[in-house]
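Next comes my_file-v1.cif, with mmCIF, C-alpha atoms and all ligand atoms.
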data_query
loop_
_atom_site.label_atom_id
_atom_site.label_comp_id
_atom_site.auth_asym_id
_atom_site.auth_seq_id
_atom_site.Cartn_x
_atom_site.Cartn_y
_atom_site.Cartn_z
CA MET J 1 -30.18 33.51 11.78
CA LEU J 2 -30.10 36.35 9.30
CA HIS J 3 -27.24 38.77 10.00
CA ILE J 4 -28.44 42.14 8.87
CA GLY J 5 -28.09 45.83 9.57
CA ALA J 6 -27.89 49.20 7.87
CA HIS J 7 -25.52 52.04 7.12
CA LEU J 8 -25.72 54.06 10.35
CA SER J 9 -24.53 57.50 11.36
CA SER J 10 -21.25 57.57 13.26
CA SER J 11 -21.78 61.11 14.60
CA LYS J 12 -22.40 59.81 18.13
CA GLY J 13 -19.46 57.43 18.20
CA PHE J 14 -19.45 53.66 18.47
CA THR J 15 -22.00 53.58 21.29
CA GLY J 16 -24.33 55.73 19.18
CA ILE J 17 -24.01 53.23 16.35
CA ALA J 18 -24.69 50.32 18.73
CA SER J 19 -27.82 51.94 20.14
CA ASP J 20 -29.15 52.66 16.62
CA ALA J 21 -28.38 49.04 15.66
CA LEU J 22 -30.40 47.77 18.62
CA LYS J 23 -33.30 50.10 17.75
CA ILE J 24 -33.67 48.56 14.29
CA LYS J 25 -32.98 44.97 15.48
CA ALA J 26 -29.73 44.75 13.57
CA ASP J 27 -26.79 42.56 14.53
CA THR J 28 -24.34 44.11 12.07
CA PHE J 29 -24.00 47.56 10.48
CA GLN J 30 -21.84 49.88 8.43
CA PHE J 31 -20.66 53.45 9.00
CA PHE J 32 -18.33 55.96 7.37
CA THR J 33 -14.90 56.17 8.99
CA ARG J 34 -14.95 59.93 8.33
CA ASN J 35 -16.91 62.53 6.35
CA PRO J 36 -17.68 60.66 3.09
CA GLN J 37 -16.99 63.75 0.98
CA GLY J 38 -14.04 64.96 2.95
CA PHE J 39 -11.16 64.18 5.14
CA LYS J 40 -11.72 64.79 8.80
CA ALA J 41 -11.95 61.84 11.21
CA LYS J 42 -12.95 62.21 14.83
CA ASP J 43 -10.49 61.08 17.48
CA ILE J 44 -11.19 57.63 18.87
CA ASP J 45 -12.53 57.77 22.42
CA PRO J 46 -11.31 54.65 24.29
CA SER J 47 -14.24 54.66 26.73
CA ASP J 48 -16.67 54.85 23.79
CA VAL J 49 -14.89 51.84 22.26
CA GLN J 50 -15.00 49.90 25.55
CA SER J 51 -18.75 50.36 26.01
CA PHE J 52 -19.28 49.49 22.35
CA LEU J 53 -17.33 46.23 22.71
CA LYS J 54 -19.38 45.35 25.78
CA ILE J 55 -22.74 45.95 24.00
CA SER J 56 -21.34 44.11 21.01
CA ARG J 57 -20.62 40.98 23.10
CA GLU J 58 -23.90 41.11 25.01
CA HIS J 59 -25.96 41.33 21.83
CA HIS J 60 -23.82 38.99 19.72
CA PHE J 61 -23.09 41.57 17.07
CA GLN J 62 -21.43 40.11 13.99
CA LYS J 63 -18.50 41.66 12.17
CA PHE J 64 -19.29 45.18 10.94
CA VAL J 65 -18.21 47.07 7.84
CA ALA J 66 -16.40 50.39 8.07
CA HIS J 67 -16.73 52.31 4.79
CA ALA J 68 -13.92 54.49 3.44
CA PRO J 69 -14.78 58.03 2.27
CA TYR J 70 -15.73 58.48 -1.39
CA THR J 71 -12.81 60.88 -1.80
CA LEU J 72 -10.36 58.00 -1.43
CA ASN J 73 -9.16 57.27 -4.98
CA PRO J 74 -6.02 55.13 -5.26
CA CYS J 75 -5.95 55.46 -9.08
CA SER J 76 -6.35 59.18 -9.56
CA ASP J 77 -4.12 60.82 -12.19
CA LYS J 78 -3.04 63.32 -9.52
CA ILE J 79 -0.25 62.32 -7.19
CA GLU J 80 -1.71 64.43 -4.32
CA THR J 81 -4.98 62.49 -4.54
CA ARG J 82 -3.14 59.15 -4.51
CA GLU J 83 -1.07 60.28 -1.52
CA PHE J 84 -4.25 61.40 0.22
CA ALA J 85 -5.74 57.94 -0.43
CA GLU J 86 -2.69 56.29 1.11
CA MET J 87 -2.78 58.55 4.15
CA VAL J 88 -6.51 58.01 4.80
CA PHE J 89 -6.24 54.26 4.23
CA GLN J 90 -3.25 53.98 6.56
CA ASP J 91 -4.92 56.07 9.27
CA ASP J 92 -8.25 54.23 9.00
CA LEU J 93 -6.58 50.82 9.28
CA LYS J 94 -4.71 51.99 12.36
CA ARG J 95 -7.98 53.16 13.93
CA MET J 96 -9.73 49.90 13.00
CA GLU J 97 -7.43 48.02 15.38
CA TYR J 98 -9.31 49.61 18.32
CA VAL J 99 -12.18 47.38 17.21
CA PRO J 100 -10.33 44.37 15.82
CA GLU J 101 -11.49 41.62 13.44
CA ASN J 102 -13.86 43.67 11.29
CA TYR J 103 -14.12 44.76 7.66
CA TYR J 104 -12.93 47.91 5.90
CA ASN J 105 -14.72 48.47 2.59
CA PHE J 106 -13.65 50.86 -0.15
CA HIS J 107 -14.55 51.75 -3.72
CA PRO J 108 -11.57 50.47 -5.72
CA GLY J 109 -11.29 53.79 -7.54
CA SER J 110 -11.84 55.75 -10.75
CA HIS J 111 -9.04 55.69 -13.31
CA VAL J 112 -10.18 59.06 -14.73
CA GLY J 113 -9.28 58.16 -18.31
CA GLN J 114 -5.92 56.55 -17.67
CA GLY J 115 -7.39 53.17 -18.59
CA ILE J 116 -8.55 50.19 -16.60
CA GLU J 117 -5.11 48.47 -16.56
CA VAL J 118 -3.41 51.56 -15.09
CA GLY J 119 -6.23 51.80 -12.53
CA ILE J 120 -5.87 48.17 -11.48
CA GLU J 121 -2.11 48.54 -11.14
CA MET J 122 -2.35 51.70 -9.01
CA ILE J 123 -4.97 50.14 -6.72
CA ALA J 124 -2.75 47.08 -6.19
CA VAL J 125 0.29 49.27 -5.53
CA LEU J 126 -1.55 51.13 -2.77
CA LEU J 127 -2.91 47.93 -1.21
CA ASN J 128 0.53 46.34 -1.18
CA LYS J 129 1.88 49.45 0.55
CA ILE J 130 -0.70 49.62 3.33
CA LEU J 131 -1.64 45.99 4.06
CA SER J 132 0.29 44.48 6.94
CA SER J 133 0.49 40.92 8.21
CA HIS J 134 -0.24 42.25 11.73
CA GLN J 135 -3.60 43.83 10.95
CA SER J 136 -6.75 42.01 12.03
CA THR J 137 -8.95 43.94 9.59
CA ILE J 138 -9.93 42.42 6.26
CA VAL J 139 -10.05 45.01 3.48
CA LEU J 140 -12.98 44.65 1.08
CA LEU J 141 -13.14 45.75 -2.55
CA GLU J 142 -16.71 46.83 -3.36
CA THR J 143 -18.32 45.73 -6.63
CA MET J 144 -19.20 48.91 -8.54
CA SER J 145 -21.90 49.90 -11.05
CA GLY J 146 -19.37 51.12 -13.60
CA LYS J 147 -20.40 54.76 -13.75
CA GLY J 148 -17.78 57.08 -15.22
CA SER J 149 -14.36 55.44 -15.11
CA GLU J 150 -15.00 53.29 -12.04
CA VAL J 151 -12.82 50.21 -11.62
CA GLY J 152 -14.51 47.11 -10.20
CA SER J 153 -17.75 46.79 -12.13
CA MET J 154 -16.58 43.51 -13.65
CA PHE J 155 -15.56 40.51 -11.59
CA GLU J 156 -12.46 40.14 -13.79
CA GLU J 157 -11.18 43.55 -12.68
CA LEU J 158 -11.45 42.63 -9.01
CA ARG J 159 -9.70 39.35 -9.76
CA LEU J 160 -6.82 41.19 -11.46
CA ILE J 161 -6.42 43.42 -8.39
CA ILE J 162 -6.47 40.47 -5.98
CA ASP J 163 -3.96 38.58 -8.17
CA ARG J 164 -1.45 41.38 -7.55
CA ILE J 165 -1.87 41.47 -3.75
CA GLU J 166 0.91 39.97 -1.63
CA LEU J 167 -1.12 39.50 1.57
CA LYS J 168 -4.13 37.80 -0.01
CA ASP J 169 -5.61 36.71 3.33
CA LYS J 170 -6.18 40.41 4.17
CA ILE J 171 -8.38 41.04 1.14
CA GLY J 172 -11.99 40.21 0.32
CA VAL J 173 -14.97 41.46 -1.68
CA CYS J 174 -18.20 43.20 -0.70
CA LEU J 175 -20.98 42.62 -3.24
CA ASP J 176 -23.46 45.48 -3.66
CA THR J 177 -26.72 44.12 -5.14
CA CYS J 178 -27.67 47.49 -6.69
CA HIS J 179 -24.22 47.94 -8.20
CA VAL J 180 -23.88 44.44 -9.72
CA TYR J 181 -27.38 44.66 -11.21
CA SER J 182 -26.51 48.06 -12.72
CA ALA J 183 -23.22 46.63 -13.92
CA GLY J 184 -25.03 43.94 -15.92
CA TYR J 185 -25.08 40.92 -13.60
CA ASP J 186 -28.66 39.66 -13.64
CA ILE J 187 -29.27 38.64 -10.04
CA VAL J 188 -33.04 38.82 -10.72
CA ASN J 189 -33.33 36.23 -13.50
CA ASN J 190 -30.04 34.37 -13.19
CA LEU J 191 -28.73 34.49 -9.62
CA GLU J 192 -27.28 31.00 -9.94
CA GLY J 193 -25.33 31.97 -13.05
CA VAL J 194 -24.01 35.18 -11.48
CA LEU J 195 -22.81 33.31 -8.40
CA GLU J 196 -21.15 30.66 -10.55
CA GLU J 197 -19.37 33.40 -12.45
CA PHE J 198 -18.32 35.11 -9.22
CA ASP J 199 -17.04 31.81 -7.87
CA HIS J 200 -15.20 30.97 -11.07
CA ILE J 201 -13.52 34.38 -11.45
CA ILE J 202 -13.03 35.61 -7.87
CA GLY J 203 -13.96 32.68 -5.63
CA LEU J 204 -16.97 32.76 -3.29
CA ASN J 205 -14.55 32.27 -0.37
CA ARG J 206 -13.50 35.91 -0.98
CA LEU J 207 -17.06 37.21 -0.60
CA LYS J 208 -17.26 38.56 2.96
CA ALA J 209 -20.21 40.97 3.03
CA VAL J 210 -23.19 42.18 1.00
CA HIS J 211 -24.65 45.66 0.51
CA LEU J 212 -28.33 44.83 0.18
CA ASN J 213 -30.05 47.48 -1.95
CA ASP J 214 -32.80 47.71 -4.50
CA SER J 215 -32.06 49.90 -7.53
CA LYS J 216 -33.83 52.93 -9.02
CA MET J 217 -32.20 52.28 -12.38
CA PRO J 218 -32.79 49.63 -15.06
CA PHE J 219 -30.64 46.52 -15.47
CA ALA J 220 -27.15 47.17 -16.91
CA SER J 221 -27.65 50.95 -16.79
CA HIS J 222 -24.25 51.55 -15.16
CA LYS J 223 -25.97 54.04 -12.86
CA ASP J 224 -25.71 53.99 -9.07
CA ARG J 225 -29.02 54.93 -7.45
CA HIS J 226 -30.17 52.88 -4.47
CA GLU J 227 -33.84 52.24 -3.76
CA GLN J 228 -35.78 50.86 -0.80
CA ILE J 229 -36.21 47.09 -0.73
CA GLY J 230 -39.09 46.08 -2.99
CA LYS J 231 -39.57 49.50 -4.59
CA GLY J 232 -36.96 49.23 -7.32
CA THR J 233 -36.02 47.28 -10.42
CA ILE J 234 -34.60 44.32 -8.47
CA GLY J 235 -37.72 43.79 -6.39
CA ALA J 236 -38.55 42.08 -3.09
CA GLU J 237 -38.82 38.58 -4.55
CA ALA J 238 -35.28 38.59 -5.99
CA ILE J 239 -33.89 40.12 -2.80
CA VAL J 240 -35.57 37.49 -0.62
CA ARG J 241 -34.19 34.79 -2.92
CA PHE J 242 -30.74 36.38 -2.60
CA ILE J 243 -30.58 36.39 1.23
CA ASN J 244 -31.86 32.81 1.34
CA HIS J 245 -29.36 31.41 -1.15
CA GLU J 246 -27.36 28.56 0.38
CA LYS J 247 -24.06 30.17 -0.62
CA LEU J 248 -24.98 33.61 0.72
CA LYS J 249 -27.26 33.22 3.75
CA HIS J 250 -24.41 33.18 6.29
CA LEU J 251 -23.01 36.56 5.16
CA PRO J 252 -23.50 39.92 6.89
CA PHE J 253 -26.05 42.00 4.90
CA VAL J 254 -25.98 45.79 5.17
CA LEU J 255 -28.85 47.96 3.89
CA GLU J 256 -27.78 51.17 2.15
CA THR J 257 -31.33 51.98 1.14
CA PRO J 258 -32.63 55.57 1.32
CA ASN J 259 -34.31 55.34 4.74
CA ASP J 260 -34.42 56.63 8.29
CA LEU J 261 -34.11 54.27 11.28
CA ASP J 262 -37.83 53.49 11.12
CA GLY J 263 -37.62 52.53 7.47
CA TRP J 264 -34.66 50.26 8.10
CA ALA J 265 -36.41 48.64 11.06
CA LYS J 266 -39.32 47.79 8.73
CA GLU J 267 -37.02 46.40 6.02
CA ILE J 268 -35.11 44.32 8.55
CA ALA J 269 -38.34 42.94 10.03
CA PHE J 270 -39.58 42.06 6.53
CA LEU J 271 -36.34 40.33 5.59
CA ARG J 272 -36.17 38.41 8.87
CA GLN J 273 -39.77 37.21 8.34
CA ASN J 274 -38.81 35.98 4.90
CA PHE J 275 -35.60 34.25 5.90
CA ASN J 276 -35.55 30.45 6.13
CA GLU J 277 -33.35 29.37 9.04
FE FE J 301 -19.97 51.91 -1.18
FE FE J 302 -22.53 49.86 -1.52
ZN ZN J 303 -24.02 52.73 -4.48
#

Step by step, read the file and then write its structure as structure tokens.
Ligand code: FE
Ligand code: FE
Ligand code: ZN
Amino acid sequence: MLHIGAHLSSSKGFTGIASDALKIKADTFQFFTRNPQGFKAKDIDPSDVQSFLKISREHHFQKFVAHAPYTLNPCSDKIETREFAEMVFQDDLKRMEYVPENYYNFHPGSHVGQGIEVGIEMIAVLLNKILSSHQSTIVLLETMSGKGSEVGSMFEELRLIIDRIELKDKIGVCLDTCHVYSAGYDIVNNLEGVLEEFDHIIGLNRLKAVHLNDSKMPFASHKDRHEQIGKGTIGAEAIVRFINHEKLKHLPFVLETPNDLDGWAKEIAFLRQNFNE
């Protein structure tokens, strides 16, 4: 069975997310832990969590992905921004334990001109501070398109971060199809080669989730603009090949395509129809 969902609004709490997931026939999903451009997180409502967990069991939801806000930058050149990143990360991981055994995904960061090595080091320092052997959450580094001074657009950079992590079993990778294609990994014409490279450098055992997006931008453009499935430069054929790949088909796939619930329902139906059990 294909495990697929979309990036849903968390404005109506966990039960709101679950009901949206059911509407679009998803069995996994993603949401922002707080305002993506800001700071504020809503208080966790235990009764909301309880009814979510019940729906989750009844409908066999898979692990979900909670997405950190974009403002979280562990490798900023400003100490206040790095402290803010630590505080948000710490708080989000604490909140994640209300819904244990899921994924927390974040953009590794932007080194803002300090250089990729400094960026990698600062990201690892933060992770080593906040990861704990008691947490049930696996933290995912997202593969990035490489716009601006983003860290994580090359598999080697993610490997260098992971190499520095003490609690390696708490860390994984989320591959974004739009981002890797923009970063110069040709998943359209050479999926096999890209996966071999990923396996060789990072290890496919570290790949825990996929952001399934088409791209508005050409190959290797280092631009980050998502497109609906089949309407972009990656195309439906390559995306169908991707979800059916032997080494990928078991993963949770999350759509971050520009869509409303109806649009996602259509994409999910299309992908389910084109999935070989
Ligand atoms: Fe992201
Ligand atoms: Fe993404
Ligand atoms: Zn993106």

- Residue contacts of region 65-68 of chain J (7 Å, all atoms listed in the file) excluding same-chain residues fewer than 6 positions away, as a list of chain:residue names: J:Phe29, J:Gln30, J:Phe31, J:Phe32, J:Thr33, J:Asn102, J:Tyr103, J:Tyr104, J:Asn105, J:Phe106

For this session: Take the point (-6.9, 50.7, -6.3) in the file's coordinates, draw a sphere of radius 6 Å around it, and report as a ChimeraX atom specification every protein, DNA or RNA residue with an atom inside or on it, counting all atoms listed in the file.
Result: /J:74-75,108-109,120,122-124

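Of note, CA of Pro218 (chain J) and CA of Val240 (chain J) are spaced 19.1 Å apart.
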
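The space separating CA of Ser182 (chain J) from CA of Asn259 (chain J) comes to 20.5 Å.
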
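Distance check against ligand FE 301 (chain J) using only C-alpha atoms and all ligand atoms: of J:Phe14, J:Phe39, J:Tyr70, J:Tyr185, the minimum falls on J:Tyr70.
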
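Among J:Ser110, J:Ser145, J:Asn274, J:Asn73, the residue with the shortest atom-to-atom distance to Ser215 (chain J), counting all atoms listed in the file, is J:Ser145.
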
With distances taken over all atoms listed in the file, the candidate from J:Ala183, J:Leu160, J:Leu126, J:Leu8 nearest Ala21 (chain J) is J:Leu8

Neighbouring residues of ligand FE 302 (chain J) are defined here as those with any atom at most 10 Å from a ligand atom, counting all atoms listed in the file; list them as a PyMOL selection string.
chain J and resi 7+30+67+105-107+142-145+174-180+210-213+224+226+254-257

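Comparing the minimum interatomic distances between ligand ZN 303 (chain J) and each of J:Asp45, J:Glu150, J:Glu166, J:Glu156, counting all atoms listed in the file, we find that J:Glu150 sits nearest.
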
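Among the candidates J:Lys231, J:His3, J:His134, J:Lys25, the one nearest to Leu261 (chain J) when counting all atoms listed in the file is J:Lys25.
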